[in-house]
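Structure file input_10.cif (mmCIF, C-alpha atoms) follows.
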```
data_final
#
loop_
_atom_site.group_PDB
_atom_site.id
_atom_site.type_symbol
_atom_site.label_atom_id
_atom_site.label_comp_id
_atom_site.auth_asym_id
_atom_site.auth_seq_id
_atom_site.Cartn_x
_atom_site.Cartn_y
_atom_site.Cartn_z
ATOM 1 C CA MET A 1176 71.122 247.900 -45.471
ATOM 2 C CA THR A 1177 68.339 249.746 -47.241
ATOM 3 C CA LYS A 1178 65.363 247.497 -47.863
ATOM 4 C CA LEU A 1179 63.908 246.845 -51.299
ATOM 5 C CA ARG A 1180 60.484 248.525 -51.302
ATOM 6 C CA LEU A 1181 57.943 246.197 -52.899
ATOM 7 C CA LEU A 1182 54.434 246.696 -54.280
ATOM 8 C CA ILE A 1183 52.200 243.619 -54.717
ATOM 9 C CA VAL A 1184 49.556 243.821 -57.458
ATOM 10 C CA ASP A 1185 47.202 240.857 -57.904
ATOM 11 C CA ASP A 1186 43.424 240.560 -58.151
ATOM 12 C CA GLU A 1187 43.372 237.288 -56.184
ATOM 13 C CA PRO A 1188 43.313 237.834 -52.398
ATOM 14 C CA LEU A 1189 44.795 234.362 -51.813
ATOM 15 C CA ILE A 1190 47.781 235.139 -54.033
ATOM 16 C CA ARG A 1191 48.377 238.482 -52.305
ATOM 17 C CA SER A 1192 48.122 236.803 -48.911
ATOM 18 C CA GLY A 1193 50.467 234.016 -49.981
ATOM 19 C CA LEU A 1194 53.058 236.447 -51.304
ATOM 20 C CA ARG A 1195 52.850 238.577 -48.171
ATOM 21 C CA SER A 1196 53.320 235.525 -45.956
ATOM 22 C CA GLU A 1197 56.274 234.137 -47.923
ATOM 23 C CA LEU A 1198 58.004 237.491 -48.339
ATOM 24 C CA ALA A 1199 57.864 238.041 -44.582
ATOM 25 C CA LYS A 1200 60.527 235.311 -44.352
ATOM 26 C CA PHE A 1201 62.961 237.280 -46.545
ATOM 27 C CA ASP A 1202 65.473 239.836 -45.328
ATOM 28 C CA GLY A 1203 65.780 243.135 -47.126
ATOM 29 C CA ILE A 1204 62.153 243.382 -48.296
ATOM 30 C CA GLU A 1205 59.591 245.992 -47.246
ATOM 31 C CA ILE A 1206 56.058 245.688 -48.643
ATOM 32 C CA VAL A 1207 54.832 249.260 -49.128
ATOM 33 C CA ALA A 1208 51.344 248.453 -50.473
ATOM 34 C CA GLU A 1209 49.058 245.857 -52.024
ATOM 35 C CA CYS A 1210 46.685 246.526 -54.914
ATOM 36 C CA PRO A 1211 43.832 244.383 -56.290
ATOM 37 C CA ASP A 1212 43.493 246.119 -59.669
ATOM 38 C CA GLY A 1213 45.238 248.183 -62.292
ATOM 39 C CA LYS A 1214 43.764 251.543 -61.326
ATOM 40 C CA SER A 1215 45.000 251.362 -57.745
ATOM 41 C CA ALA A 1216 48.341 249.928 -58.922
ATOM 42 C CA ILE A 1217 48.976 252.920 -61.170
ATOM 43 C CA ALA A 1218 48.165 255.298 -58.322
ATOM 44 C CA ALA A 1219 50.412 253.372 -55.896
ATOM 45 C CA ILE A 1220 53.371 253.304 -58.293
ATOM 46 C CA VAL A 1221 53.126 257.071 -58.740
ATOM 47 C CA ALA A 1222 52.610 257.820 -55.029
ATOM 48 C CA LYS A 1223 54.771 255.177 -53.327
ATOM 49 C CA LYS A 1224 57.563 254.948 -55.905
ATOM 50 C CA PRO A 1225 58.426 251.315 -55.078
ATOM 51 C CA ASP A 1226 61.709 249.740 -56.129
ATOM 52 C CA LEU A 1227 60.029 246.538 -57.312
ATOM 53 C CA VAL A 1228 56.517 245.575 -58.398
ATOM 54 C CA PHE A 1229 55.109 242.049 -58.406
ATOM 55 C CA LEU A 1230 52.562 242.644 -61.159
ATOM 56 C CA ASP A 1231 49.782 240.236 -62.101
ATOM 57 C CA VAL A 1232 49.459 239.839 -65.871
ATOM 58 C CA GLN A 1233 45.647 239.562 -65.814
ATOM 59 C CA LEU A 1234 43.838 241.983 -63.526
ATOM 60 C CA GLY A 1235 40.117 242.505 -63.223
ATOM 61 C CA ASP A 1236 40.062 245.934 -64.868
ATOM 62 C CA CYS A 1237 43.068 245.693 -67.189
ATOM 63 C CA THR A 1238 46.291 243.764 -67.787
ATOM 64 C CA GLY A 1239 49.683 244.196 -66.196
ATOM 65 C CA LEU A 1240 50.970 245.445 -69.535
ATOM 66 C CA ASP A 1241 48.288 248.146 -69.502
ATOM 67 C CA VAL A 1242 49.747 249.322 -66.180
ATOM 68 C CA VAL A 1243 53.201 249.507 -67.777
ATOM 69 C CA ARG A 1244 51.783 251.447 -70.740
ATOM 70 C CA GLU A 1245 50.068 253.943 -68.433
ATOM 71 C CA ILE A 1246 53.134 254.553 -66.260
ATOM 72 C CA GLY A 1247 55.520 254.386 -69.208
ATOM 73 C CA PRO A 1248 58.402 251.893 -69.514
ATOM 74 C CA GLN A 1249 60.957 254.593 -68.736
ATOM 75 C CA HIS A 1250 59.272 255.386 -65.410
ATOM 76 C CA MET A 1251 58.543 251.835 -64.232
ATOM 77 C CA PRO A 1252 60.409 250.351 -61.269
ATOM 78 C CA LEU A 1253 61.793 246.834 -61.518
ATOM 79 C CA VAL A 1254 58.986 244.463 -62.513
ATOM 80 C CA THR A 1255 58.377 240.784 -61.858
ATOM 81 C CA PHE A 1256 55.273 239.656 -63.709
ATOM 82 C CA VAL A 1257 53.043 237.090 -62.022
ATOM 83 C CA THR A 1258 51.085 234.839 -64.378
ATOM 84 C CA ALA A 1259 49.054 231.660 -64.412
ATOM 85 C CA TYR A 1260 49.582 231.204 -68.126
ATOM 86 C CA ASP A 1261 52.685 229.422 -69.324
ATOM 87 C CA ASP A 1262 52.357 229.792 -73.088
ATOM 88 C CA TYR A 1263 52.500 233.211 -74.758
ATOM 89 C CA ALA A 1264 53.242 235.227 -71.627
ATOM 90 C CA VAL A 1265 56.221 233.196 -70.452
ATOM 91 C CA LYS A 1266 57.772 233.090 -73.930
ATOM 92 C CA ALA A 1267 57.403 236.853 -74.211
ATOM 93 C CA PHE A 1268 58.976 237.487 -70.805
ATOM 94 C CA GLU A 1269 61.907 235.203 -71.532
ATOM 95 C CA LEU A 1270 62.449 236.741 -74.954
ATOM 96 C CA ASN A 1271 62.616 240.221 -73.471
ATOM 97 C CA ALA A 1272 64.631 239.260 -70.348
ATOM 98 C CA VAL A 1273 61.838 240.316 -67.976
ATOM 99 C CA ASP A 1274 61.449 238.186 -64.859
ATOM 100 C CA TYR A 1275 58.222 236.351 -64.121
ATOM 101 C CA LEU A 1276 56.635 234.025 -61.568
ATOM 102 C CA LEU A 1277 54.411 231.244 -62.863
ATOM 103 C CA LYS A 1278 51.454 230.421 -60.601
ATOM 104 C CA PRO A 1279 51.489 228.343 -58.516
ATOM 105 C CA PHE A 1280 55.066 229.080 -57.466
ATOM 106 C CA ASP A 1281 57.016 227.666 -54.541
ATOM 107 C CA GLU A 1282 59.250 229.390 -52.005
ATOM 108 C CA GLU A 1283 62.446 228.525 -53.893
ATOM 109 C CA ARG A 1284 61.237 230.097 -57.148
ATOM 110 C CA LEU A 1285 60.057 233.173 -55.258
ATOM 111 C CA ARG A 1286 63.412 233.404 -53.496
ATOM 112 C CA GLN A 1287 65.244 233.241 -56.840
ATOM 113 C CA SER A 1288 63.111 236.017 -58.261
ATOM 114 C CA VAL A 1289 63.618 238.272 -55.237
ATOM 115 C CA ALA A 1290 67.361 237.614 -55.257
ATOM 116 C CA ARG A 1291 67.559 238.517 -58.944
ATOM 117 C CA ALA A 1292 65.681 241.761 -58.331
ATOM 118 C CA GLN A 1293 67.830 242.632 -55.310
ATOM 119 C CA GLU A 1294 71.003 242.071 -57.321
ATOM 120 C CA ARG A 1295 69.845 244.323 -60.144
ATOM 121 C CA TRP A 1296 68.588 246.961 -57.723
ATOM 122 C CA THR A 1297 71.739 246.971 -55.572
ATOM 123 C CA ALA A 1298 74.008 247.237 -58.615
ATOM 124 C CA ARG A 1299 71.592 249.673 -60.297
ATOM 125 C CA LYS A 1300 71.772 247.471 -63.383
ATOM 126 C CA HIS A 1301 68.248 248.166 -64.515
ATOM 127 C CA GLY A 1302 69.104 250.874 -67.024
ATOM 128 C CA GLY A 1303 67.983 248.568 -69.816
ATOM 129 C CA LEU A 1304 64.635 247.788 -68.187
ATOM 130 C CA ALA A 1305 62.762 250.470 -70.126
ATOM 131 C CA HIS A 1306 63.958 248.967 -73.401
ATOM 132 C CA GLN A 1307 62.997 245.462 -72.275
ATOM 133 C CA LEU A 1308 59.531 246.563 -71.199
ATOM 134 C CA GLN A 1309 58.994 248.497 -74.411
ATOM 135 C CA SER A 1310 59.985 245.426 -76.412
ATOM 136 C CA LEU A 1311 57.502 243.390 -74.390
ATOM 137 C CA LEU A 1312 54.734 245.918 -75.075
ATOM 138 C CA ASN A 1313 55.574 245.870 -78.777
ATOM 139 C CA ALA A 1314 55.454 242.079 -78.857
ATOM 140 C CA ALA A 1315 52.104 242.081 -77.059
ATOM 141 C CA SER A 1316 50.671 244.613 -79.499
ATOM 142 C CA ALA A 1317 51.924 242.586 -82.449
ATOM 143 C CA ASP A 1318 50.250 239.458 -81.099
ATOM 144 C CA SER A 1319 47.185 240.809 -79.320
ATOM 145 C CA ALA A 1320 45.236 237.698 -80.317
ATOM 146 C CA ALA A 1321 47.198 235.535 -77.863
ATOM 147 C CA TRP A 1322 44.885 234.261 -75.148
ATOM 148 C CA PRO A 1323 45.517 231.938 -72.191
ATOM 149 C CA GLU A 1324 45.200 228.222 -72.849
ATOM 150 C CA ARG A 1325 44.409 227.239 -69.266
ATOM 151 C CA LEU A 1326 42.921 228.553 -66.041
ATOM 152 C CA VAL A 1327 44.300 227.843 -62.580
ATOM 153 C CA VAL A 1328 41.729 226.912 -59.933
ATOM 154 C CA ARG A 1329 42.594 226.559 -56.261
ATOM 155 C CA ALA A 1330 40.885 223.804 -54.262
ATOM 156 C CA GLY A 1331 42.250 223.922 -50.711
ATOM 157 C CA GLU A 1332 45.985 223.220 -50.915
ATOM 158 C CA ARG A 1333 45.641 221.868 -54.448
ATOM 159 C CA PHE A 1334 45.853 223.826 -57.706
ATOM 160 C CA GLU A 1335 44.002 222.410 -60.696
ATOM 161 C CA PHE A 1336 44.802 223.357 -64.272
ATOM 162 C CA VAL A 1337 41.696 223.637 -66.435
ATOM 163 C CA PRO A 1338 42.249 223.853 -70.217
ATOM 164 C CA VAL A 1339 40.198 226.710 -71.649
ATOM 165 C CA GLU A 1340 39.096 224.482 -74.512
ATOM 166 C CA ALA A 1341 37.485 222.145 -71.944
ATOM 167 C CA LEU A 1342 34.979 224.815 -70.851
ATOM 168 C CA ASP A 1343 31.369 224.275 -71.920
ATOM 169 C CA TRP A 1344 29.980 227.313 -70.159
ATOM 170 C CA VAL A 1345 30.656 229.540 -67.172
ATOM 171 C CA GLU A 1346 28.208 230.661 -64.520
ATOM 172 C CA SER A 1347 28.459 233.589 -62.104
ATOM 173 C CA ALA A 1348 28.435 232.805 -58.379
ATOM 174 C CA ASN A 1349 28.842 236.219 -56.713
ATOM 175 C CA ASN A 1350 32.615 236.818 -56.522
ATOM 176 C CA TYR A 1351 33.261 233.348 -57.906
ATOM 177 C CA VAL A 1352 32.526 231.607 -61.181
ATOM 178 C CA GLN A 1353 31.576 227.995 -61.788
ATOM 179 C CA LEU A 1354 33.428 226.447 -64.698
ATOM 180 C CA HIS A 1355 31.297 223.747 -66.289
ATOM 181 C CA CYS A 1356 33.451 221.192 -68.103
ATOM 182 C CA GLY A 1357 31.357 218.180 -69.089
ATOM 183 C CA ALA A 1358 30.439 216.340 -65.895
ATOM 184 C CA LYS A 1359 32.967 218.313 -63.818
ATOM 185 C CA THR A 1360 32.478 221.713 -62.211
ATOM 186 C CA HIS A 1361 35.243 223.923 -60.816
ATOM 187 C CA LEU A 1362 34.772 226.915 -58.508
ATOM 188 C CA MET A 1363 37.159 229.737 -59.323
ATOM 189 C CA LEU A 1364 37.756 232.943 -57.362
ATOM 190 C CA GLU A 1365 37.000 235.401 -60.162
ATOM 191 C CA THR A 1366 34.099 237.578 -61.240
ATOM 192 C CA LEU A 1367 32.326 236.768 -64.484
ATOM 193 C CA SER A 1368 33.268 240.146 -65.947
ATOM 194 C CA GLY A 1369 36.893 239.598 -64.988
ATOM 195 C CA LEU A 1370 36.995 236.174 -66.595
ATOM 196 C CA GLU A 1371 35.244 237.484 -69.700
ATOM 197 C CA LYS A 1372 38.209 239.807 -70.316
ATOM 198 C CA LYS A 1373 40.603 236.858 -70.163
ATOM 199 C CA LEU A 1374 38.786 234.672 -72.685
ATOM 200 C CA ASP A 1375 39.107 234.913 -76.454
ATOM 201 C CA PRO A 1376 35.930 236.739 -77.595
ATOM 202 C CA ARG A 1377 36.010 234.776 -80.844
ATOM 203 C CA LYS A 1378 35.487 231.566 -78.874
ATOM 204 C CA PHE A 1379 33.477 232.664 -75.826
ATOM 205 C CA VAL A 1380 30.424 234.904 -75.728
ATOM 206 C CA ARG A 1381 28.516 236.521 -72.860
ATOM 207 C CA ILE A 1382 24.857 235.545 -73.363
ATOM 208 C CA HIS A 1383 23.468 236.638 -70.004
ATOM 209 C CA ARG A 1384 24.560 238.796 -67.078
ATOM 210 C CA GLY A 1385 25.372 235.530 -65.304
ATOM 211 C CA ARG A 1386 26.572 233.257 -68.145
ATOM 212 C CA ILE A 1387 29.353 232.871 -70.713
ATOM 213 C CA VAL A 1388 29.250 230.043 -73.238
ATOM 214 C CA ASN A 1389 31.850 228.336 -75.406
ATOM 215 C CA VAL A 1390 30.689 229.002 -78.984
ATOM 216 C CA ALA A 1391 31.951 225.587 -80.110
ATOM 217 C CA ARG A 1392 29.541 223.887 -77.687
ATOM 218 C CA ILE A 1393 26.388 225.508 -79.093
ATOM 219 C CA ARG A 1394 24.284 223.119 -81.177
ATOM 220 C CA ALA A 1395 21.137 225.196 -81.757
ATOM 221 C CA ALA A 1396 19.293 228.373 -80.778
ATOM 222 C CA HIS A 1397 15.607 228.194 -79.856
ATOM 223 C CA VAL A 1398 13.476 231.320 -80.194
ATOM 224 C CA MET A 1399 11.591 232.223 -77.019
ATOM 225 C CA SER A 1400 9.317 235.139 -76.175
ATOM 226 C CA ASN A 1401 10.403 238.743 -75.523
ATOM 227 C CA GLY A 1402 13.337 238.532 -77.910
ATOM 228 C CA VAL A 1403 15.336 236.000 -75.927
ATOM 229 C CA TYR A 1404 16.654 232.578 -76.898
ATOM 230 C CA GLU A 1405 17.596 229.294 -75.367
ATOM 231 C CA LEU A 1406 20.947 228.040 -76.570
ATOM 232 C CA GLU A 1407 21.123 224.267 -76.762
ATOM 233 C CA LEU A 1408 24.536 222.840 -76.040
ATOM 234 C CA HIS A 1409 25.917 219.506 -77.152
ATOM 235 C CA GLY A 1410 24.552 217.128 -74.545
ATOM 236 C CA GLY A 1411 21.124 218.744 -74.497
ATOM 237 C CA LEU A 1412 21.538 221.431 -71.834
ATOM 238 C CA ARG A 1413 19.645 224.639 -72.613
ATOM 239 C CA LEU A 1414 20.805 228.050 -71.401
ATOM 240 C CA ALA A 1415 18.519 231.089 -71.486
ATOM 241 C CA THR A 1416 19.973 234.298 -72.892
ATOM 242 C CA GLY A 1417 19.383 237.824 -71.580
ATOM 243 C CA ARG A 1418 17.630 240.505 -73.598
ATOM 244 C CA GLN A 1419 20.530 242.923 -73.199
ATOM 245 C CA PHE A 1420 22.803 240.335 -74.867
ATOM 246 C CA ARG A 1421 20.523 239.840 -77.859
ATOM 247 C CA ASP A 1422 23.018 241.412 -80.294
ATOM 248 C CA ALA A 1423 25.735 238.997 -79.152
ATOM 249 C CA VAL A 1424 23.426 236.044 -79.802
ATOM 250 C CA HIS A 1425 22.437 237.433 -83.212
ATOM 251 C CA SER A 1426 26.109 237.770 -84.136
ATOM 252 C CA LEU A 1427 26.504 234.010 -83.553
ATOM 253 C CA MET A 1428 23.803 233.326 -86.108
ATOM 254 C CA ARG A 1429 25.549 235.478 -88.729
ATOM 255 C CA LYS A 1430 28.834 233.573 -88.478
#
```

Could you rewrite the structure in this file as structure tokens?
Amino acid sequence: MTKLRLLIVDDEPLIRSGLRSELAKFDGIEIVAECPDGKSAIAAIVAKKPDLVFLDVQLGDCTGLDVVREIGPQHMPLVTFVTAYDDYAVKAFELNAVDYLLKPFDEERLRQSVARAQERWTARKHGGLAHQLQSLLNAASADSAAWPERLVVRAGERFEFVPVEALDWVESANNYVQLHCGAKTHLMLETLSGLEKKLDPRKFVRIHRGRIVNVARIRAAHVMSNGVYELELHGGLRLATGRQFRDAVHSLMRK
């Protein structure tokens, strides 16, 4: 039997590794490539022509929907979206009959998704996929202000769900970020620039090359030298801003 050729696209190495390990247990699956970002995913879809793509909704350089837009719904293979966000994204996928995996997923849910894709692929019943994907793109464009309500943080074998509204500020830690939520701190495998793209810019602002702050937590701005500020958060913590982010800080004062 011809194997279903699969492309894995996710910006989290642990997720890619987990998928690769679990899918090795399944018959009829051949992983043709793995991609950590949208740019490489687009190139792999064009070059490898996979039958199925496990496509992360939020990538470091773009979204999974941006990948679909670039390839074109009519040229996309079967798609299973992978998402950590169970609000807008899941509702949109269900509405448009597009399959999805909600992180963290177990082997049974993964098996169901693969079986569904294999059935559609074997029967060649994916003629309506282009229409479904186009409807999904239209819905996303009509509601572009929808942002995730929680972040998923892995701590060993445990996944913690951190409400976005609980964030006070975020600090860069090389390829990780520290999420500061009151007295608690979570370490998340994500770059600060990548996380910035996932947060609602009306509620979160980059004030420094290494810091993002929740606008609702800012109590005052203190003028310092050289055109920088210290933002005082509720609780008394002060965060220094960067000169290159001066315009962003000024925009807060005009609101």

Can you measure CA of Gln1309 (chain A) to CA of Thr1255 (chain A) for me? One decimal in Å is fine.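 Rounded to one decimal, the two atoms are 14.7 Å apart.
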
Expand the PyMOL selection byres ((chain A and resi 1364-1371) around 7) into the explicit residue set it covers here, and present it as an NGL selection string. :A and (1235 or 1347 or 1350-1352 or 1362-1363 or 1372-1374)

So which one's closest to Arg1377 (chain A), A:Tyr1404, A:Trp1344, A:Trp1322, A:Phe1334? Using all atoms listed in the file, please. A:Trp1322

So the first atom is CA of Pro1323 (chain A) and the second is CA of Asp1375 (chain A); what is the distance between them in Å, to one decimal place? 8.3 Å

Nearest residue to Arg1418 (chain A) out of A:Val1403, A:Ile1206, A:Ala1391, A:Leu1230, using all atoms listed in the file? A:Val1403

List the neighbours of Val1184 (chain A) out to 10 Å using only C-alpha atoms; skip same-chain residues closer than 2 positions along the sequence, and give me the result as a ChimeraX atom specification. /A:1181-1182,1186-1187,1190-1191,1208-1213,1215-1217,1219,1228-1232,1234,1239,1256-1257

Could you take the residues named above and write them with C-alpha atoms, as a PDB file, in the frame of the given file?
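Contents of out_7.pdb, as written:
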```
ATOM      1  CA  LEU A1181      57.943 246.197 -52.899  1.00  0.00           C
ATOM      2  CA  LEU A1182      54.434 246.696 -54.280  1.00  0.00           C
ATOM      3  CA  ASP A1186      43.424 240.560 -58.151  1.00  0.00           C
ATOM      4  CA  GLU A1187      43.372 237.288 -56.184  1.00  0.00           C
ATOM      5  CA  ILE A1190      47.781 235.139 -54.033  1.00  0.00           C
ATOM      6  CA  ARG A1191      48.377 238.482 -52.305  1.00  0.00           C
ATOM      7  CA  ALA A1208      51.344 248.453 -50.473  1.00  0.00           C
ATOM      8  CA  GLU A1209      49.058 245.857 -52.024  1.00  0.00           C
ATOM      9  CA  CYS A1210      46.685 246.526 -54.914  1.00  0.00           C
ATOM     10  CA  PRO A1211      43.832 244.383 -56.290  1.00  0.00           C
ATOM     11  CA  ASP A1212      43.493 246.119 -59.669  1.00  0.00           C
ATOM     12  CA  GLY A1213      45.238 248.183 -62.292  1.00  0.00           C
ATOM     13  CA  SER A1215      45.000 251.362 -57.745  1.00  0.00           C
ATOM     14  CA  ALA A1216      48.341 249.928 -58.922  1.00  0.00           C
ATOM     15  CA  ILE A1217      48.976 252.920 -61.170  1.00  0.00           C
ATOM     16  CA  ALA A1219      50.412 253.372 -55.896  1.00  0.00           C
ATOM     17  CA  VAL A1228      56.517 245.575 -58.398  1.00  0.00           C
ATOM     18  CA  PHE A1229      55.109 242.049 -58.406  1.00  0.00           C
ATOM     19  CA  LEU A1230      52.562 242.644 -61.159  1.00  0.00           C
ATOM     20  CA  ASP A1231      49.782 240.236 -62.101  1.00  0.00           C
ATOM     21  CA  VAL A1232      49.459 239.839 -65.871  1.00  0.00           C
ATOM     22  CA  LEU A1234      43.838 241.983 -63.526  1.00  0.00           C
ATOM     23  CA  GLY A1239      49.683 244.196 -66.196  1.00  0.00           C
ATOM     24  CA  PHE A1256      55.273 239.656 -63.709  1.00  0.00           C
ATOM     25  CA  VAL A1257      53.043 237.090 -62.022  1.00  0.00           C
TER      26      VAL A1257
END
```

The PyMOL selection byres ((chain A and resi 1422) around 12) applied to the shown file, residues as a PyMOL selection string: chain A and resi 1380-1383+1402-1404+1416-1421+1423-1429

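Minimum distance to Thr1238 (chain A) across A:Lys1200, A:Gly1357, A:Pro1376, A:Asp1185 (counting all atoms listed in the file) occurs at A:Asp1185.
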
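Here CA of Leu1276 (chain A) and CA of Ala1259 (chain A) stand 8.4 Å from one another.
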
Could you write out as a ChimeraX atom specification the residues that the PyMOL selection byres ((chain A and resi 1392-1396) around 7) matches in the shown file? /A:1343,1389-1391,1397-1398,1404-1409

Between A:Arg1295, A:Arg1329, A:Gln1287, A:Leu1277, which one has atoms that come closest to Pro1188 (chain A), using only C-alpha atoms?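 Among the listed residues, the smallest separation from Pro1188 (chain A) belongs to A:Arg1329.
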
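Counting all atoms listed in the file, the residue from A:Ala1290, A:Ser1400, A:Leu1189, A:Gly1385 that sits nearest to Leu1414 (chain A) is A:Gly1385.
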
Given all atoms listed in the file as the basis, pick out the residue of A:Ala1358, A:Ala1415, A:Leu1194, A:Val1328 nearest to Phe1280 (chain A).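 Closest to Phe1280 (chain A), using all atoms listed in the file: A:Leu1194.
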
Hey, can I get the axis-aligned box for region 1177-1186 of chain A? All listed atoms, 4 Å padding on each side, centre and edge lengths in Å to one decimal, as AutoDock Vina command-line options.
```
--center_x 55.9 --center_y 245.2 --center_z -52.7 --size_x 32.9 --size_y 17.2 --size_z 18.9
```

Write out as a VMD selection string the residues lying within 12 Å of Ala1292 (chain A), counting only C-alpha atoms and excluding same-chain residues fewer than 2 positions away. chain A and resid 1178 to 1181 1203 to 1204 1226 to 1229 1252 to 1256 1273 to 1275 1285 to 1290 1294 to 1301 1304
